[in-house]
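See below for my_file04.txt, which holds compact mmCIF, C-alpha atoms and all ligand atoms.
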```
# COMPACT_ATOMS: atom_id res chain seq x y z
CA MET P 1 44.35 4.89 12.51
CA LYS P 2 40.88 3.64 11.88
CA ASP P 3 38.98 2.09 14.75
CA LEU P 4 37.81 -1.41 13.86
CA THR P 5 35.88 -2.01 17.08
CA ARG P 6 32.86 0.04 16.00
CA TYR P 7 32.20 -2.76 13.48
CA ALA P 8 32.66 -5.56 16.04
CA ARG P 9 29.13 -6.97 15.71
CA GLN P 10 29.48 -7.01 11.94
CA TYR P 11 32.81 -8.83 11.67
CA LEU P 12 31.76 -11.23 14.40
CA PHE P 13 29.54 -12.67 11.67
CA ALA P 14 31.84 -15.42 10.40
CA LYS P 15 31.34 -14.83 6.67
CA ILE P 16 32.60 -11.27 7.07
CA GLY P 17 35.30 -11.55 9.74
CA GLU P 18 38.08 -9.02 10.31
CA GLU P 19 39.51 -9.59 6.87
CA GLY P 20 36.14 -8.90 5.23
CA GLN P 21 35.73 -5.81 7.39
CA ARG P 22 39.08 -4.43 6.21
CA LYS P 23 37.98 -5.05 2.62
CA LEU P 24 34.76 -3.10 3.24
CA MET P 25 36.80 -0.23 4.70
CA SER P 26 38.95 -0.02 1.59
CA SER P 27 35.98 -0.29 -0.80
CA ARG P 28 34.58 2.51 -2.95
CA ILE P 29 31.00 2.83 -4.21
CA THR P 30 28.81 5.25 -6.15
CA VAL P 31 25.11 5.48 -5.29
CA ILE P 32 23.09 7.04 -8.10
CA GLY P 33 19.87 8.56 -6.80
CA CYS P 34 19.36 9.57 -3.18
CA GLY P 35 15.66 9.02 -2.53
CA ALA P 36 13.75 6.16 -0.89
CA LEU P 37 16.20 3.46 -2.04
CA GLY P 38 19.34 5.59 -2.06
CA THR P 39 19.01 6.86 1.51
CA VAL P 40 18.56 3.32 2.89
CA LEU P 41 21.51 2.05 0.82
CA ILE P 42 23.72 4.93 1.97
CA ASN P 43 22.62 4.73 5.62
CA THR P 44 23.33 0.98 5.77
CA LEU P 45 26.60 1.02 3.85
CA ALA P 46 28.00 4.07 5.68
CA ARG P 47 27.33 2.32 9.00
CA ALA P 48 28.90 -0.87 7.58
CA GLY P 49 32.11 1.09 7.04
CA ILE P 50 32.41 1.30 3.23
CA GLY P 51 35.47 3.53 2.86
CA PHE P 52 34.27 5.87 0.11
CA ILE P 53 30.70 6.69 -0.90
CA ARG P 54 29.86 9.01 -3.81
CA ILE P 55 26.25 10.22 -3.68
CA VAL P 56 24.77 11.59 -6.91
CA ASP P 57 21.34 13.25 -7.10
CA ARG P 58 19.82 16.17 -9.02
CA ASP P 59 16.91 16.90 -6.68
CA PHE P 60 15.98 18.92 -3.60
CA ILE P 61 14.11 17.57 -0.56
CA GLU P 62 10.33 17.99 -0.32
CA LEU P 63 8.13 17.41 2.70
CA ASN P 64 6.51 14.36 1.09
CA ASN P 65 9.95 12.68 0.91
CA LEU P 66 10.29 12.35 4.69
CA GLN P 67 7.82 9.44 4.86
CA ARG P 68 10.45 7.10 3.37
CA GLN P 69 13.77 8.89 2.72
CA VAL P 70 15.49 8.02 5.97
CA LEU P 71 18.49 10.37 5.92
CA PHE P 72 16.43 13.61 5.76
CA ASP P 73 14.52 15.71 8.28
CA GLU P 74 12.50 18.93 8.43
CA GLY P 75 15.63 21.00 9.08
CA ASP P 76 17.06 19.95 5.68
CA ILE P 77 13.92 21.28 4.00
CA ARG P 78 14.11 24.58 5.89
CA GLU P 79 17.70 24.91 4.65
CA ASN P 80 16.55 24.01 1.13
CA LEU P 81 19.39 21.50 0.76
CA PRO P 82 19.97 19.29 -2.28
CA LYS P 83 19.47 15.63 -1.40
CA SER P 84 23.09 14.61 -1.95
CA VAL P 85 24.38 17.44 0.26
CA ALA P 86 21.92 16.68 3.08
CA ALA P 87 22.76 12.97 2.87
CA CYS P 88 26.49 13.73 2.95
CA ARG P 89 26.10 15.89 6.08
CA LYS P 90 24.11 13.15 7.81
CA VAL P 91 26.65 10.47 6.90
CA GLU P 92 29.49 12.58 8.28
CA LYS P 93 27.68 12.52 11.64
CA ILE P 94 27.02 8.78 11.44
CA ASN P 95 30.54 7.71 10.50
CA SER P 96 33.42 10.21 10.49
CA GLN P 97 35.87 7.46 9.46
CA ILE P 98 34.63 7.23 5.89
CA GLU P 99 34.91 9.59 2.94
CA VAL P 100 31.77 10.94 1.26
CA ASP P 101 31.52 12.84 -2.03
CA ALA P 102 28.24 14.69 -2.68
CA VAL P 103 27.51 15.40 -6.35
CA VAL P 104 24.51 17.61 -7.17
CA SER P 105 23.96 16.71 -10.80
CA ASP P 106 21.69 15.16 -13.34
CA VAL P 107 23.27 11.83 -14.33
CA ASN P 108 23.50 11.57 -18.10
CA PHE P 109 25.64 10.22 -20.92
CA THR P 110 28.13 13.09 -20.59
CA ASN P 111 29.10 12.40 -16.97
CA ILE P 112 28.19 8.85 -15.92
CA GLU P 113 31.51 7.22 -16.81
CA ARG P 114 33.40 9.79 -14.76
CA LEU P 115 31.09 9.21 -11.76
CA ILE P 116 31.72 5.45 -11.68
CA GLN P 117 35.21 4.90 -13.12
CA ASP P 118 37.03 5.02 -9.75
CA VAL P 119 34.70 2.80 -7.68
CA ASP P 120 34.33 -0.95 -7.08
CA LEU P 121 30.53 -1.12 -7.18
CA VAL P 122 27.62 1.03 -8.38
CA LEU P 123 24.23 1.05 -6.65
CA ASP P 124 20.91 2.02 -8.17
CA GLY P 125 18.81 4.43 -6.14
CA THR P 126 17.07 5.93 -9.17
CA ASP P 127 13.42 6.01 -10.10
CA ASN P 128 13.39 5.64 -13.86
CA PHE P 129 14.32 3.28 -16.68
CA GLU P 130 16.26 5.82 -18.74
CA THR P 131 18.87 6.30 -16.02
CA ARG P 132 19.00 2.58 -15.27
CA PHE P 133 19.72 1.69 -18.91
CA LEU P 134 22.38 4.43 -18.91
CA MET P 135 23.92 2.91 -15.74
CA ASN P 136 23.75 -0.55 -17.33
CA ASP P 137 25.56 0.61 -20.48
CA ALA P 138 28.25 2.47 -18.52
CA CYS P 139 28.80 -0.37 -16.02
CA VAL P 140 29.06 -3.03 -18.74
CA LYS P 141 31.40 -0.82 -20.79
CA LEU P 142 33.72 -0.18 -17.82
CA GLY P 143 33.28 -3.66 -16.30
CA LYS P 144 31.79 -2.31 -13.06
CA PRO P 145 29.48 -4.56 -11.04
CA TRP P 146 26.19 -2.86 -10.17
CA ILE P 147 23.01 -3.62 -8.27
CA TYR P 148 19.61 -2.75 -9.74
CA SER P 149 16.84 -1.85 -7.29
CA ALA P 150 13.33 -0.52 -7.82
CA ALA P 151 10.31 0.02 -5.57
CA ILE P 152 6.79 1.23 -6.22
CA GLY P 153 3.48 0.76 -4.39
CA SER P 154 4.10 -2.15 -2.04
CA GLN P 155 6.48 -4.01 -4.34
CA GLY P 156 10.17 -3.96 -5.13
CA LEU P 157 12.72 -5.64 -7.40
CA THR P 158 16.44 -6.14 -7.15
CA MET P 159 19.16 -7.88 -9.15
CA VAL P 160 22.98 -8.07 -9.08
CA ILE P 161 24.79 -7.50 -12.38
CA LEU P 162 28.38 -8.65 -12.88
CA PRO P 163 29.37 -7.51 -16.40
CA GLY P 164 30.64 -10.33 -18.57
CA GLU P 165 29.53 -12.95 -16.03
CA THR P 166 25.82 -12.57 -15.31
CA ALA P 167 22.81 -11.30 -17.27
CA CYS P 168 22.62 -7.50 -17.46
CA LEU P 169 19.53 -5.33 -17.11
CA ARG P 170 18.90 -5.32 -20.87
CA CYS P 171 19.16 -9.11 -21.04
CA VAL P 172 16.08 -9.02 -18.77
CA PHE P 173 14.29 -5.86 -19.94
CA GLU P 174 15.06 -5.30 -23.61
CA SER P 175 13.50 -1.84 -23.63
CA ALA P 176 11.69 0.46 -21.25
CA PRO P 177 7.94 -0.09 -20.95
CA PRO P 178 5.68 2.65 -22.39
CA PRO P 179 5.69 5.64 -20.01
CA GLU P 180 1.94 5.79 -19.40
CA LEU P 181 2.09 2.18 -18.24
CA THR P 182 5.02 2.79 -15.92
CA PRO P 183 3.83 3.95 -12.52
CA THR P 184 6.08 6.27 -10.52
CA CYS P 185 6.08 7.05 -6.77
CA ASP P 186 4.36 10.30 -7.63
CA THR P 187 1.50 8.60 -9.42
CA ALA P 188 1.10 5.20 -7.73
CA GLY P 189 2.44 6.00 -4.27
CA ILE P 190 4.81 3.88 -2.23
CA VAL P 191 4.70 2.06 1.09
CA ALA P 192 7.93 3.03 2.87
CA THR P 193 8.75 -0.54 3.84
CA ALA P 194 8.81 -1.63 0.16
CA SER P 195 11.82 0.58 -0.54
CA THR P 196 13.37 -0.20 2.86
CA VAL P 197 13.22 -3.98 2.31
CA ILE P 198 14.51 -3.87 -1.26
CA ALA P 199 17.33 -1.44 -0.44
CA SER P 200 18.29 -3.61 2.55
CA LEU P 201 18.52 -6.68 0.31
CA ALA P 202 20.59 -4.73 -2.23
CA ALA P 203 22.87 -3.42 0.54
CA THR P 204 23.37 -7.02 1.73
CA GLU P 205 24.51 -8.03 -1.76
CA ALA P 206 26.89 -5.05 -1.71
CA ILE P 207 28.33 -6.17 1.63
CA LYS P 208 28.75 -9.73 0.30
CA PHE P 209 30.51 -8.54 -2.84
CA LEU P 210 32.78 -6.00 -1.16
CA SER P 211 33.75 -8.24 1.79
CA GLY P 212 35.03 -10.97 -0.51
CA ASN P 213 31.92 -13.16 -0.56
CA ALA P 214 31.02 -12.83 -4.24
CA ALA P 215 30.36 -16.58 -4.40
CA ASP P 216 27.33 -16.01 -2.14
CA LEU P 217 25.72 -13.34 -4.38
CA ASN P 218 22.08 -13.84 -5.24
CA ALA P 219 21.68 -14.96 -8.87
CA THR P 220 18.02 -14.04 -9.38
CA LEU P 221 15.76 -11.18 -10.32
CA TYR P 222 14.07 -11.00 -6.94
CA SER P 223 10.68 -9.43 -6.35
CA TYR P 224 8.98 -8.92 -2.99
CA ASP P 225 5.62 -7.41 -2.08
CA VAL P 226 5.53 -6.15 1.50
CA TRP P 227 1.72 -5.99 1.50
CA THR P 228 0.89 -9.47 0.21
CA ARG P 229 4.24 -11.04 1.22
CA GLU P 230 4.42 -12.52 -2.25
CA VAL P 231 7.94 -13.45 -3.34
CA LYS P 232 8.94 -14.03 -6.95
CA SER P 233 12.43 -15.15 -7.74
CA PHE P 234 13.52 -15.66 -11.34
CA ARG P 235 16.76 -17.55 -11.84
CA LEU P 236 19.03 -15.78 -14.31
CA ASP P 237 21.83 -18.30 -14.77
CA GLY P 238 22.34 -19.08 -18.44
CA LEU P 239 20.22 -16.14 -19.63
CA ARG P 240 23.18 -14.09 -20.86
CA GLU P 241 24.38 -17.06 -22.91
CA VAL P 242 21.14 -17.22 -24.90
CA THR P 243 20.29 -13.52 -25.40
CA ASP P 244 21.48 -11.26 -28.19
CA CYS P 245 21.71 -8.37 -25.72
CA ALA P 246 22.51 -4.99 -27.30
CA THR P 247 24.54 -4.03 -24.24
CA CYS P 248 26.45 -7.04 -22.91
CA LYS P 249 26.66 -9.14 -26.11
CA ARG P 250 26.82 -6.60 -28.94
CA TYR P 251 28.41 -3.78 -26.87
CA THR P 252 26.50 -1.04 -28.71
CA PHE P 253 25.97 1.20 -25.63
CA GLU P 254 23.22 3.27 -27.25
CA TYR P 255 22.46 5.09 -24.00
CA LEU P 256 26.03 6.41 -23.75
CA THR P 257 25.95 8.06 -27.17
CA GLY P 258 23.12 10.38 -26.20
CA GLU P 259 20.99 9.02 -29.04
CA ARG P 260 18.56 7.71 -26.49
CA ALA P 261 18.77 10.65 -24.10
CA GLN P 262 15.96 13.06 -23.40
CA LYS P 263 16.64 16.55 -24.66
CA THR P 264 15.51 19.75 -23.02
CA THR P 265 15.12 23.24 -24.45
CA THR P 266 14.49 26.26 -22.29
CA LEU P 267 11.74 28.39 -23.80
CA CYS P 268 13.01 31.92 -23.27
CA GLY P 269 10.76 34.37 -21.49
CA ARG P 270 8.06 31.77 -20.91
CA ASP P 271 9.21 30.19 -17.64
CA ALA P 272 8.90 26.87 -19.46
CA VAL P 273 11.07 24.00 -20.66
CA GLN P 274 10.42 21.65 -23.53
CA VAL P 275 11.34 18.01 -22.93
CA THR P 276 11.78 15.86 -26.03
CA ARG P 277 12.12 12.12 -25.94
CA ALA P 278 15.02 10.65 -27.88
CA GLU P 279 12.72 8.00 -29.26
CA PRO P 280 9.18 9.13 -30.03
CA VAL P 281 6.46 7.06 -28.41
CA LYS P 282 2.71 6.83 -29.00
CA LEU P 283 1.18 8.02 -25.74
CA ASP P 284 -2.23 6.87 -24.60
CA PHE P 285 -3.78 10.17 -23.44
CA ALA P 286 -6.74 8.44 -21.76
CA ALA P 287 -4.39 6.43 -19.54
CA LEU P 288 -2.33 9.54 -18.78
CA ALA P 289 -5.52 11.49 -17.91
CA ARG P 290 -6.65 8.81 -15.46
CA ARG P 291 -3.31 9.16 -13.70
CA PHE P 292 -3.46 12.98 -13.53
CA GLU P 293 -7.13 13.14 -12.52
CA LYS P 294 -6.30 11.53 -9.18
CA MET P 295 -4.01 14.46 -8.37
CA GLY P 296 -5.09 17.49 -10.37
CA GLU P 297 -7.00 18.52 -13.47
CA ALA P 298 -6.45 17.10 -16.93
CA SER P 299 -8.01 17.34 -20.36
CA PHE P 300 -7.08 16.12 -23.83
CA ASN P 301 -8.03 15.88 -27.47
CA PRO P 302 -6.32 13.72 -30.12
CA PHE P 303 -3.57 16.31 -30.60
CA MET P 304 -2.70 17.54 -27.16
CA PHE P 305 -2.95 16.66 -23.48
CA GLN P 306 -3.06 19.40 -20.86
CA ALA P 307 -2.91 19.22 -17.08
CA LYS P 308 -2.24 21.39 -14.06
CA LEU P 309 -0.51 19.98 -11.01
CA ASP P 310 1.69 21.27 -8.18
CA GLY P 311 1.93 24.74 -9.76
CA TYR P 312 3.06 23.36 -13.13
CA GLU P 313 1.19 23.36 -16.41
CA PHE P 314 1.82 20.38 -18.65
CA THR P 315 1.24 20.37 -22.38
CA VAL P 316 2.01 16.94 -23.80
CA PHE P 317 1.99 15.81 -27.42
CA PRO P 318 1.23 12.28 -28.66
CA ASP P 319 4.92 11.52 -29.39
CA GLY P 320 5.84 12.22 -25.74
CA ARG P 321 7.19 15.74 -26.25
CA ALA P 322 6.13 17.99 -23.39
CA ILE P 323 6.22 21.65 -22.46
CA ILE P 324 6.37 22.15 -18.73
CA LYS P 325 5.43 25.66 -17.61
CA GLY P 326 6.40 26.84 -14.15
CA THR P 327 10.13 26.20 -14.36
CA GLY P 328 13.03 27.51 -16.41
CA ASP P 329 15.46 24.88 -15.15
CA PRO P 330 16.07 21.98 -17.59
CA ALA P 331 17.16 19.55 -14.84
CA GLN P 332 14.02 20.32 -12.83
CA ALA P 333 11.88 19.91 -15.95
CA LYS P 334 13.40 16.45 -16.55
CA THR P 335 12.68 15.53 -12.93
CA ILE P 336 9.06 16.67 -13.23
CA TYR P 337 8.68 14.85 -16.55
CA ALA P 338 10.05 11.65 -14.99
CA LYS P 339 7.77 11.98 -11.96
CA TYR P 340 4.49 12.61 -13.70
CA ILE P 341 4.78 11.41 -17.27
CA GLY P 342 7.47 8.75 -16.90
CA VAL P 343 10.49 7.80 -18.95
ZN ZN R 401 22.87 -8.06 -21.35
```
For the structure just supplied, provide its representation as structure tokens.
Ligand SMILES: [Zn+2]
Amino acid sequence: MKDLTRYARQYLFAKIGEEGQRKLMSSRITVIGCGALGTVLINTLARAGIGFIRIVDRDFIELNNLQRQVLFDEGDIRENLPKSVAACRKVEKINSQIEVDAVVSDVNFTNIERLIQDVDLVLDGTDNFETRFLMNDACVKLGKPWIYSAAIGSQGLTMVILPGETACLRCVFESAPPPELTPTCDTAGIVATASTVIASLAATEAIKFLSGNAADLNATLYSYDVWTREVKSFRLDGLREVTDCATCKRYTFEYLTGERAQKTTTLCGRDAVQVTRAEPVKLDFAALARRFEKMGEASFNPFMFQAKLDGYEFTVFPDGRAIIKGTGDPAQAKTIYAKYIGV
């Protein structure tokens, strides 16, 4: 028998109530990405009593994660735990009444549908556009509501997507911006409160939706800057009706076919992995060099860009193809590519 009293202060809030609390306790979610956003989402929603939480992440914990990734500590690093496993262990201590499923995996077109098909809501804790477009395709295809969240520097964005009802991510962003123009936490830094605020807003939308308060969901693309306190809120009602969205109007789901996926090839005997973009881009090496020079050494000519950083050697070609020396693990190479070059 589950103890309802631990949630007393939550269901005392009239919009939730005991009935809403019971709905939360029978709800199932998948959180994709367990970093700055994911750990706040999971921490909040585990404490709120969401009955089942699947945590998916491909990465291990590094010391520089502890500044903002609230479910981890130094002991997890000493044990060299994957993020999803460490998060799962922490959640089991926070709330033993809920079920947690830790998945240590790269999320891609081969597995995403399986990871979300048995849940009520999907939450975005990722750090790159490729995975978000993949989530968007899979959620629209399977009719799963999902909540987009992103944070970088001192700013964050969030948006609720109800497939078939509201605008989807590709109604708003038709394609990913060029990688050298897309900052990542590893190149632009992040103020911890930016991810905390955005993930808290996204978790609130999740609680509204799962407790039976879908009518109160926020219908905007909401942006907040914790440093300047600037708020931007773009109303999205009616947008889906006027777009010719490849995902939610034409149902082409290009990201689920793998046509748009990055491909990796392990280069035998070289401790290196080649990462190839599904769609070639035209990289601006000067912009990429400015980014790398803040952190390590970089040089380029018209044909090739080279840099050394964190024990890795990067060789990048103008179409975005890269050889990353210092790892033989394709999943790690994709992570490093996403961190430093972008997707
Ligand atoms: Zn759409």
May I have a table of the residues of segment 94-213 of chain P lying at most 10 Å from segment 331-337 of chain P, giving each one's closest pair of atoms and their distance in Å to one decimal, counting all atoms listed in the file, ordered by chain and ascending residue number, as a tab-separated table?
```
residue	atom	partner	partner_atom	distance
P:Ser105	CA	P:Ala331	CA	8.4
P:Asp106	CA	P:Ala331	CA	6.5
P:Val107	CA	P:Ala331	CA	9.9
P:Asp127	CA	P:Thr335	CA	10.0
P:Asn128	CA	P:Thr335	CA	10.0
P:Asp186	CA	P:Ile336	CA	9.7
```
Exercise for the section: Would you mind reading off the distance between atom CA of Ile147 of chain P and atom CA of Ser200 of chain P, one decimal, in Å? Expected result: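 Answer for the atom CA of Ile147 of chain P to atom CA of Ser200 of chain P separation: 11.8 Å.
The spacing separating atom CA of Pro177 of chain P from atom CA of Thr131 of chain P amounts to 13.6 Å.
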Exercise for the section: Counting all atoms listed in the file, name the residues that have an atom within 10 Å of an atom of ligand ZN 401 (chain R); the answer should be given as a ChimeraX atom specification. Expected result: /P:136-137,140,161,163-174,239-251
Exercise for the section: List the neighbours of Leu256 of chain P out to 7 Å using only C-alpha atoms; skip same-chain residues closer than 2 positions along the sequence, and give me the result as a list in words. Expected result: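 The residues that qualify are Phe109, Leu134, Asp137, Ala138, Phe253, Glu254 and Gly258 of chain P.
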Using C-alpha atoms, can you write the selected residues to a file as a short mmCIF file (atom, residue, chain, number, x, y, z; two decimals), keeping the file's coordinate frame?
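Wrote it out as selection_19.cif, contents follow:
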```
data_model
loop_
_atom_site.label_atom_id
_atom_site.label_comp_id
_atom_site.auth_asym_id
_atom_site.auth_seq_id
_atom_site.Cartn_x
_atom_site.Cartn_y
_atom_site.Cartn_z
CA PHE P 109 25.64 10.22 -20.92
CA LEU P 134 22.38 4.43 -18.91
CA ASP P 137 25.56 0.61 -20.48
CA ALA P 138 28.25 2.47 -18.52
CA PHE P 253 25.97 1.20 -25.63
CA GLU P 254 23.22 3.27 -27.25
CA GLY P 258 23.12 10.38 -26.20
#
```
Practice task
Find the distance between atom CA of Val103 of chain P and atom CA of Thr126 of chain P and write it in Å to one decimal.
Solution key: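 Atom CA of Thr126 of chain P lies at a distance of 14.4 Å from atom CA of Val103 of chain P.
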Practice task
For segment 282-296 of chain P, list every protein, DNA or RNA residue within 7 Å, evaluated using all atoms listed in the file, and leave out those in the same chain fewer than 6 positions away; present the list as a ChimeraX atom specification.
Solution key: /P:180,187,305,308-309,318-320
Give me the residues near Ile42 of chain P as an mmCIF file with C-alpha atoms, in the coordinates of the input, where near means some atom within 8 Å (using only C-alpha atoms) and where sequence neighbours in that chain fewer than 2 positions away do not count.
```
data_model
loop_
_atom_site.group_PDB
_atom_site.id
_atom_site.type_symbol
_atom_site.label_atom_id
_atom_site.label_comp_id
_atom_site.auth_asym_id
_atom_site.auth_seq_id
_atom_site.Cartn_x
_atom_site.Cartn_y
_atom_site.Cartn_z
ATOM 1 C CA VAL P 31 25.110 5.480 -5.290
ATOM 2 C CA GLY P 38 19.340 5.590 -2.060
ATOM 3 C CA THR P 39 19.010 6.860 1.510
ATOM 4 C CA VAL P 40 18.560 3.320 2.890
ATOM 5 C CA THR P 44 23.330 0.980 5.770
ATOM 6 C CA LEU P 45 26.600 1.020 3.850
ATOM 7 C CA ALA P 46 28.000 4.070 5.680
ATOM 8 C CA ILE P 53 30.700 6.690 -0.900
ATOM 9 C CA VAL P 91 26.650 10.470 6.900
#
```
So that I can see what lies close to Leu4 of chain P, please list as a CSV table (one decimal) with C-alpha atoms, in the coordinates of the input the residues with an atom at most 9 Å from it, counting only C-alpha atoms and leaving out residues fewer than 6 positions away in the same chain.
```
chain,number,residue,atom,x,y,z
P,18,GLU,CA,38.1,-9.0,10.3
P,21,GLN,CA,35.7,-5.8,7.4
P,22,ARG,CA,39.1,-4.4,6.2
```
Practice task
Select all residues near (23.9, -16.7, -3.6) (cut-off 12 Å, inclusive, file coordinates), counting all atoms listed in the file, and output them as a list of chain:residue names.
Solution key: P:Met159, P:Val160, P:Thr204, P:Glu205, P:Lys208, P:Phe209, P:Asn213, P:Ala214, P:Ala215, P:Asp216, P:Leu217, P:Asn218, P:Ala219, P:Thr220, P:Leu221, P:Tyr222, P:Arg235, P:Leu236, P:Asp237
Problem - Proximity to Asp225 of chain P - best of P:Thr252, P:Gln262, P:Gln67, P:Gln155, only C-alpha atoms - result: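 For Asp225 of chain P, the nearest of the candidates is P:Gln155.
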Reconstructed N, CA and C atoms for segment 116-133 of chain P, given as an mmCIF file, keeping the file's coordinate frame:
```cif
data_model
loop_
_atom_site.group_PDB
_atom_site.id
_atom_site.type_symbol
_atom_site.label_atom_id
_atom_site.label_comp_id
_atom_site.auth_asym_id
_atom_site.auth_seq_id
_atom_site.Cartn_x
_atom_site.Cartn_y
_atom_site.Cartn_z
ATOM 1 N N ILE P 116 31.584 6.843 -12.140
ATOM 2 C CA ILE P 116 31.720 5.450 -11.680
ATOM 3 C C ILE P 116 33.098 4.850 -11.938
ATOM 4 N N GLN P 117 33.974 5.555 -12.672
ATOM 5 C CA GLN P 117 35.210 4.900 -13.120
ATOM 6 C C GLN P 117 36.167 4.568 -11.970
ATOM 7 N N ASP P 118 36.061 5.254 -10.829
ATOM 8 C CA ASP P 118 37.030 5.020 -9.750
ATOM 9 C C ASP P 118 36.421 4.275 -8.553
ATOM 10 N N VAL P 119 35.310 3.546 -8.794
ATOM 11 C CA VAL P 119 34.700 2.800 -7.680
ATOM 12 C C VAL P 119 34.647 1.298 -7.992
ATOM 13 N N ASP P 120 34.376 0.509 -6.936
ATOM 14 C CA ASP P 120 34.330 -0.950 -7.080
ATOM 15 C C ASP P 120 32.931 -1.463 -7.407
ATOM 16 N N LEU P 121 31.911 -0.660 -7.037
ATOM 17 C CA LEU P 121 30.530 -1.120 -7.180
ATOM 18 C C LEU P 121 29.621 0.097 -7.323
ATOM 19 N N VAL P 122 28.580 -0.051 -8.154
ATOM 20 C CA VAL P 122 27.620 1.030 -8.380
ATOM 21 C C VAL P 122 26.257 0.554 -7.900
ATOM 22 N N LEU P 123 25.549 1.424 -7.176
ATOM 23 C CA LEU P 123 24.230 1.050 -6.650
ATOM 24 C C LEU P 123 23.152 1.955 -7.219
ATOM 25 N N ASP P 124 22.023 1.328 -7.532
ATOM 26 C CA ASP P 124 20.910 2.020 -8.170
ATOM 27 C C ASP P 124 19.927 2.513 -7.113
ATOM 28 N N GLY P 125 19.838 3.838 -7.006
ATOM 29 C CA GLY P 125 18.810 4.430 -6.140
ATOM 30 C C GLY P 125 17.914 5.329 -6.961
ATOM 31 N N THR P 126 17.810 5.042 -8.265
ATOM 32 C CA THR P 126 17.070 5.930 -9.170
ATOM 33 C C THR P 126 15.590 5.550 -9.212
ATOM 34 N N ASP P 127 14.855 6.274 -10.016
ATOM 35 C CA ASP P 127 13.420 6.010 -10.100
ATOM 36 C C ASP P 127 12.943 5.917 -11.543
ATOM 37 N N ASN P 128 13.868 5.688 -12.474
ATOM 38 C CA ASN P 128 13.390 5.640 -13.860
ATOM 39 C C ASN P 128 14.273 4.751 -14.736
ATOM 40 N N PHE P 129 13.652 4.227 -15.789
ATOM 41 C CA PHE P 129 14.320 3.280 -16.680
ATOM 42 C C PHE P 129 15.434 3.924 -17.497
ATOM 43 N N GLU P 130 15.243 5.181 -17.899
ATOM 44 C CA GLU P 130 16.260 5.820 -18.740
ATOM 45 C C GLU P 130 17.614 5.833 -18.023
ATOM 46 N N THR P 131 17.603 6.247 -16.754
ATOM 47 C CA THR P 131 18.870 6.300 -16.020
ATOM 48 C C THR P 131 19.413 4.909 -15.758
ATOM 49 N N ARG P 132 18.516 3.938 -15.524
ATOM 50 C CA ARG P 132 19.000 2.580 -15.270
ATOM 51 C C ARG P 132 19.665 1.968 -16.509
ATOM 52 N N PHE P 133 19.092 2.196 -17.685
ATOM 53 C CA PHE P 133 19.720 1.690 -18.910
ATOM 54 C C PHE P 133 21.055 2.400 -19.161
#
```
